[in-house]
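Chemist: Submitted below is the structure of interest, expressed as structure tokens.
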Amino acid sequence: MTFKPEADKCIVNRGNLTNLKRFIKRAKDSEKLTVGFLGGSITQGFASTAADKCYAYRVYDKIKKNYKNENIKYINAGIGATDSEFGCARVESDILAYEPDLVIVEFSVNDESDPHYFETYEGLIRRIISHNEKTAVLLVFSVFYDSGKNAERIHRKIARHYMLPAVSMRSGIYELMLEGKMENTDITADNLHPNDTGHGYMADVIWTVFDFAEEDATEEEPKHTLPSPLTENSYAHSVRYKNKDEFAVSLNEGFLPDTREQKEVSDCFKGGWISGDSGDRIVFNIVGSTFAAQYMRTIHRPAPIVKVYVDEDYENGVVLDASFDEDWGDKLSLTTIAKNLPYKAHKIEFETVESFIEWDPDTEELYTKEGSPFMLVSVVASDNKEREIIHLDPVCTHNIWGGTKLREDFGYDYEGDDLGECWGISAHPNGDGVVKNGKYKGMHLSELFKNHPELFNNDGSEDRFPLLTKIIDARDDLSIQVHPDDTYAGENENGSLGKMECWYVLDAPENATLVAGHNAKSKDELVSMINEGRWNDFIREIPVKKGDFIQIDPGTVHAIKGGILLLETQQNSDITYRVYDYDRLQNGKKRELHVKKSIDVITVPAKSAEDSVLHFADTKKDTLVKMYECKYYKVYKADVEKSLEIDLPADYVLLSVTEGEGAIDGDRIKKGDHMILPNGYGKAVVTGDLQIILSTK
């Protein structure tokens with residue numbers, strides 16, 4: 001039969017078409033674009049005879065052909081029998097990680113029309129919108145073709161609130177069946193999953209929005225903004241923990257990691273943990289306020305029973321029964337185990353209380369004749385925090401004295417055996433970091449500071465980002481040098497800031513020393529020592545070891561010695577005056593010295609050696625320790641073993657991970673990562689086994 005859907009019936013919410021119109025124009029201009037589809041089994045293409053017969057591929061194909069654009073990438077993130085709650089947990093990895101220009105969402109036959117799914121669906125939609133305000137979002141409401149049932153009532157409320165275009169199969173197709181103009185057997189065998197013809201009809205219904213957008217003459221519409229949520233918004237931020245997240249597991253007695261490779265999105269049962277024996281336990285230490293367990297319910301019975309306890313409340317465990325009474329196959333289930341707890345790190349404990357098999361890891365078989373193991377696929381932690389942490393891509397520099405640790409130990413993607421500095425958090429022109437996540441992705445930190453002062457509570461009094469965080473790997477000795485203060489730099493270095501800095505020693509060889517200060521008692525003696533090259537008399541070396549902190553004021557003669565690895569916190573300046581460089585050559589020439597300027601700014605006499613080094617090697621675990629404070633910065637150290645709450649009274653906080661791995665508010669972090677908690681972020685919670693150096697202005 002011929003099917004020509006009518007736009008006024010199919011489009012149940014017009015929404016704001018600005019983003020869709022922009023997408024269509026870019027498609028016509030042959031720009032590279034990405035289209036992502038997120039949903040359940042219908043989106044996955046269940047009951048279609050081939051992958052290119054499902055509605056998602058057909059819509060993608062229509063976009064390519066109608067707009068004559070072959071530069072469009074297709075992402076199908078449909079997983080059968082999953083809902084919008086799981087969508088919240090996987091939208092980041094399965095859709096947003098590809099930076100889509102258009103996202104089409106279909107969960108209306110997987111969600112129920114109740115308050116829980118009203119909240120999870122809103123959380124999913126808010127997450128997509130907040131990722132990039134220019135992304136076009138289209139909502140699709142599928143339907144049960146025998147009853148007309150779906151979650152459209154609550155989903156349409158979300159569409160209206162967020163001004164998103166939406167199409168309905170109930171209005172566009174099901175009502176034709178009620179009118180006797182179409183038989184359900186023409187398009188579906190089970191009254192739910194479309195056959196090839198049904199998928200074609202779905203694509204036609206969805207396409208009515210594209211035709212309508214092209215014909216719509218409205219030139220300007222209100223700018224897309226994120227309104228206040230309609231619900232408690234407990235699912236605005238969801239994180240899914242699997243066995244690769246070893247830092248999240250504090251105890252494991254018998255749950256074996258499932259090491260099978262997940263080859264595609266719909267290959268969804270892998271990557272978790274397997275329990276085969278009664279008494280097996282696994283305990284997670286993860287951050288959030290709402291928690292859910294994702295596990296396999298199986299038709300291969302008998303199946304185990306597991307109890308889940310939150311924060312050692314052993315009288316109120318949640319029962320997870322892995323038996324599945326349907327006959328169509330195993331199901332990926334998601335069960336809420338706690339909701340709206342205080343936002344912090346919580347202890348989530350799983351215990352297998354009834355099992356019918358003994359799991360033999362050597363066989364790697366999921367099922368035996370005696371029954372099935374329990375498959376914990378993931379643990380999901382959610383909360384209502386929508387503020388983004390700003391993660392930065394660092395800039396590394398090649399230096400005559402640099403080494404290989406920045407590449408080999410920290411994993412920075414730079415070639416060469418002379419990497420001396422990683423400018424981890426920097427807005428300086430000589431090393432301007434780039435945001436690598438979220439709505440500001442691709443923006444330089446200097447640009448972010450200028451264009452979004454609200455993120456830094458900058459009232460206009462600061463014309464540049466004030467701080468700079470480096471990691472320095474000194475294979476050889478650095479030059480003997482000194483930095484000016486603000487006044488001298490402003491007058492002699494084109495208005496530059498001066499350079500107050502401090503060092504935290506990350507690693508050092510036995511009997512290591514640093515240059516910090518000098519031995520001249522007067523300015524005349526200083527000049528004499530420098531001009532006569534009496535470096536052994538002039539330079540003051542002090543012993544240091546891993547965990548030491550050294551403050552370097554402007555005017556302090558200093559130098560990092562070979563073999564030392566350290567993190568430096570400093571003013572946003574790159575002004576260095578070399579006093580002495582060991583007469584070494586770079587490209588056949590001696591490097592420039594700045595003797596006159598050095599003499600101008602060196603402080604005489606130098607600060608005492610006893611006042612130069614503080615020791616922080618063995619600080620208390622899970623505690624924020626202030627190492628130093630001056631008018632330019634405050635610097636803290638945290639050795640996290642379980643969890644740590646960060647709630648500093650500052651406009652924003654800079655963080656660098658110097659050891660280990662873990663998570664901050666669910667964002668995975670590891671050694672070498674650098675990030676900023678922007679103004680107004682509030683309390684952050686770090687979990688895992690890691691060391692962090694923090695600074696504020």
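As shown in the structure tokens, the chain order sets the letters A, B, ...; within each chain, residues go from 1, and ligands are also counted from 1 in the order they appear.
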Need the shell around Ala322 in chain A: protein/DNA/RNA residues with any atom at most 6 Å away, counting only C-alpha atoms. Skip same-chain ones fewer than 3 positions apart. Format as a list in words?
Modeler: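 Using only C-alpha atoms, the neighbours found are Arg297, Ala303 and Pro304 of chain A.
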Chemist: Can you tell me, as a count of residues only, which residues in range 397-449 of chain A count as alpha helix (DSSP H) by DSSP?
Modeler: 9
Chemist: Taking the DSSP assignment computed from this structure's backbone, write out as a list in words all residues of range 508-540 of chain A that belong to strand (DSSP E).
Modeler: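 Matching residues, listed in order: Thr513, Leu514, Val515, Ala516, Gly517, His518, Ile539 and Arg540 of chain A.
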Chemist: Residues within 9 Å of range 250-256 of chain A, please, as a PyMOL selection string. Count only C-alpha atoms; anything in the same chain fewer than 5 positions from it doesn't count.
Modeler: chain A and resi 272-277+279-285+347+349+361+376+642+688
Chemist: Pull C-alpha atoms from the residues just selected and write them as a PDB file, in the first residue's frame.
Modeler:
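See again.pdb below for the written result:
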```pdb
ATOM      1  CA  GLY A 272      31.138  -6.676  34.224  1.00  0.00           C
ATOM      2  CA  TRP A 273      31.679  -9.358  36.874  1.00  0.00           C
ATOM      3  CA  ILE A 274      30.584 -13.004  37.200  1.00  0.00           C
ATOM      4  CA  SER A 275      29.632 -14.812  40.411  1.00  0.00           C
ATOM      5  CA  GLY A 276      29.077 -18.537  40.605  1.00  0.00           C
ATOM      6  CA  ASP A 277      29.267 -19.367  44.301  1.00  0.00           C
ATOM      7  CA  GLY A 279      29.023 -16.136  49.583  1.00  0.00           C
ATOM      8  CA  ASP A 280      30.760 -14.244  46.766  1.00  0.00           C
ATOM      9  CA  ARG A 281      31.020 -10.524  47.635  1.00  0.00           C
ATOM     10  CA  ILE A 282      32.009  -7.377  45.802  1.00  0.00           C
ATOM     11  CA  VAL A 283      31.972  -3.893  47.338  1.00  0.00           C
ATOM     12  CA  PHE A 284      32.020  -0.574  45.482  1.00  0.00           C
ATOM     13  CA  ASN A 285      32.979   2.841  46.805  1.00  0.00           C
ATOM     14  CA  LYS A 347      29.432   1.735  49.969  1.00  0.00           C
ATOM     15  CA  GLU A 349      27.836  -4.239  48.511  1.00  0.00           C
ATOM     16  CA  PRO A 361      37.009 -19.552  35.248  1.00  0.00           C
ATOM     17  CA  LEU A 376      26.671  -8.140  37.259  1.00  0.00           C
ATOM     18  CA  LYS A 642      38.848   5.944  49.637  1.00  0.00           C
ATOM     19  CA  GLY A 688      39.890   5.979  44.018  1.00  0.00           C
TER      20      GLY A 688
END
```
Chemist: Quick one: which range 46-88 of chain A residues come within 12 Å of range 166-188 of chain A, and what is the nearest atom pair for each with the distance in Å to one decimal, counting only C-alpha atoms, rows ordered by chain and ascending number, as CSV?
Modeler:
```
residue,atom,partner,partner_atom,distance
A:Phe46,CA,A:Thr188,CA,11.0
A:Ala47,CA,A:Thr188,CA,8.4
A:Ser48,CA,A:Thr188,CA,9.9
```
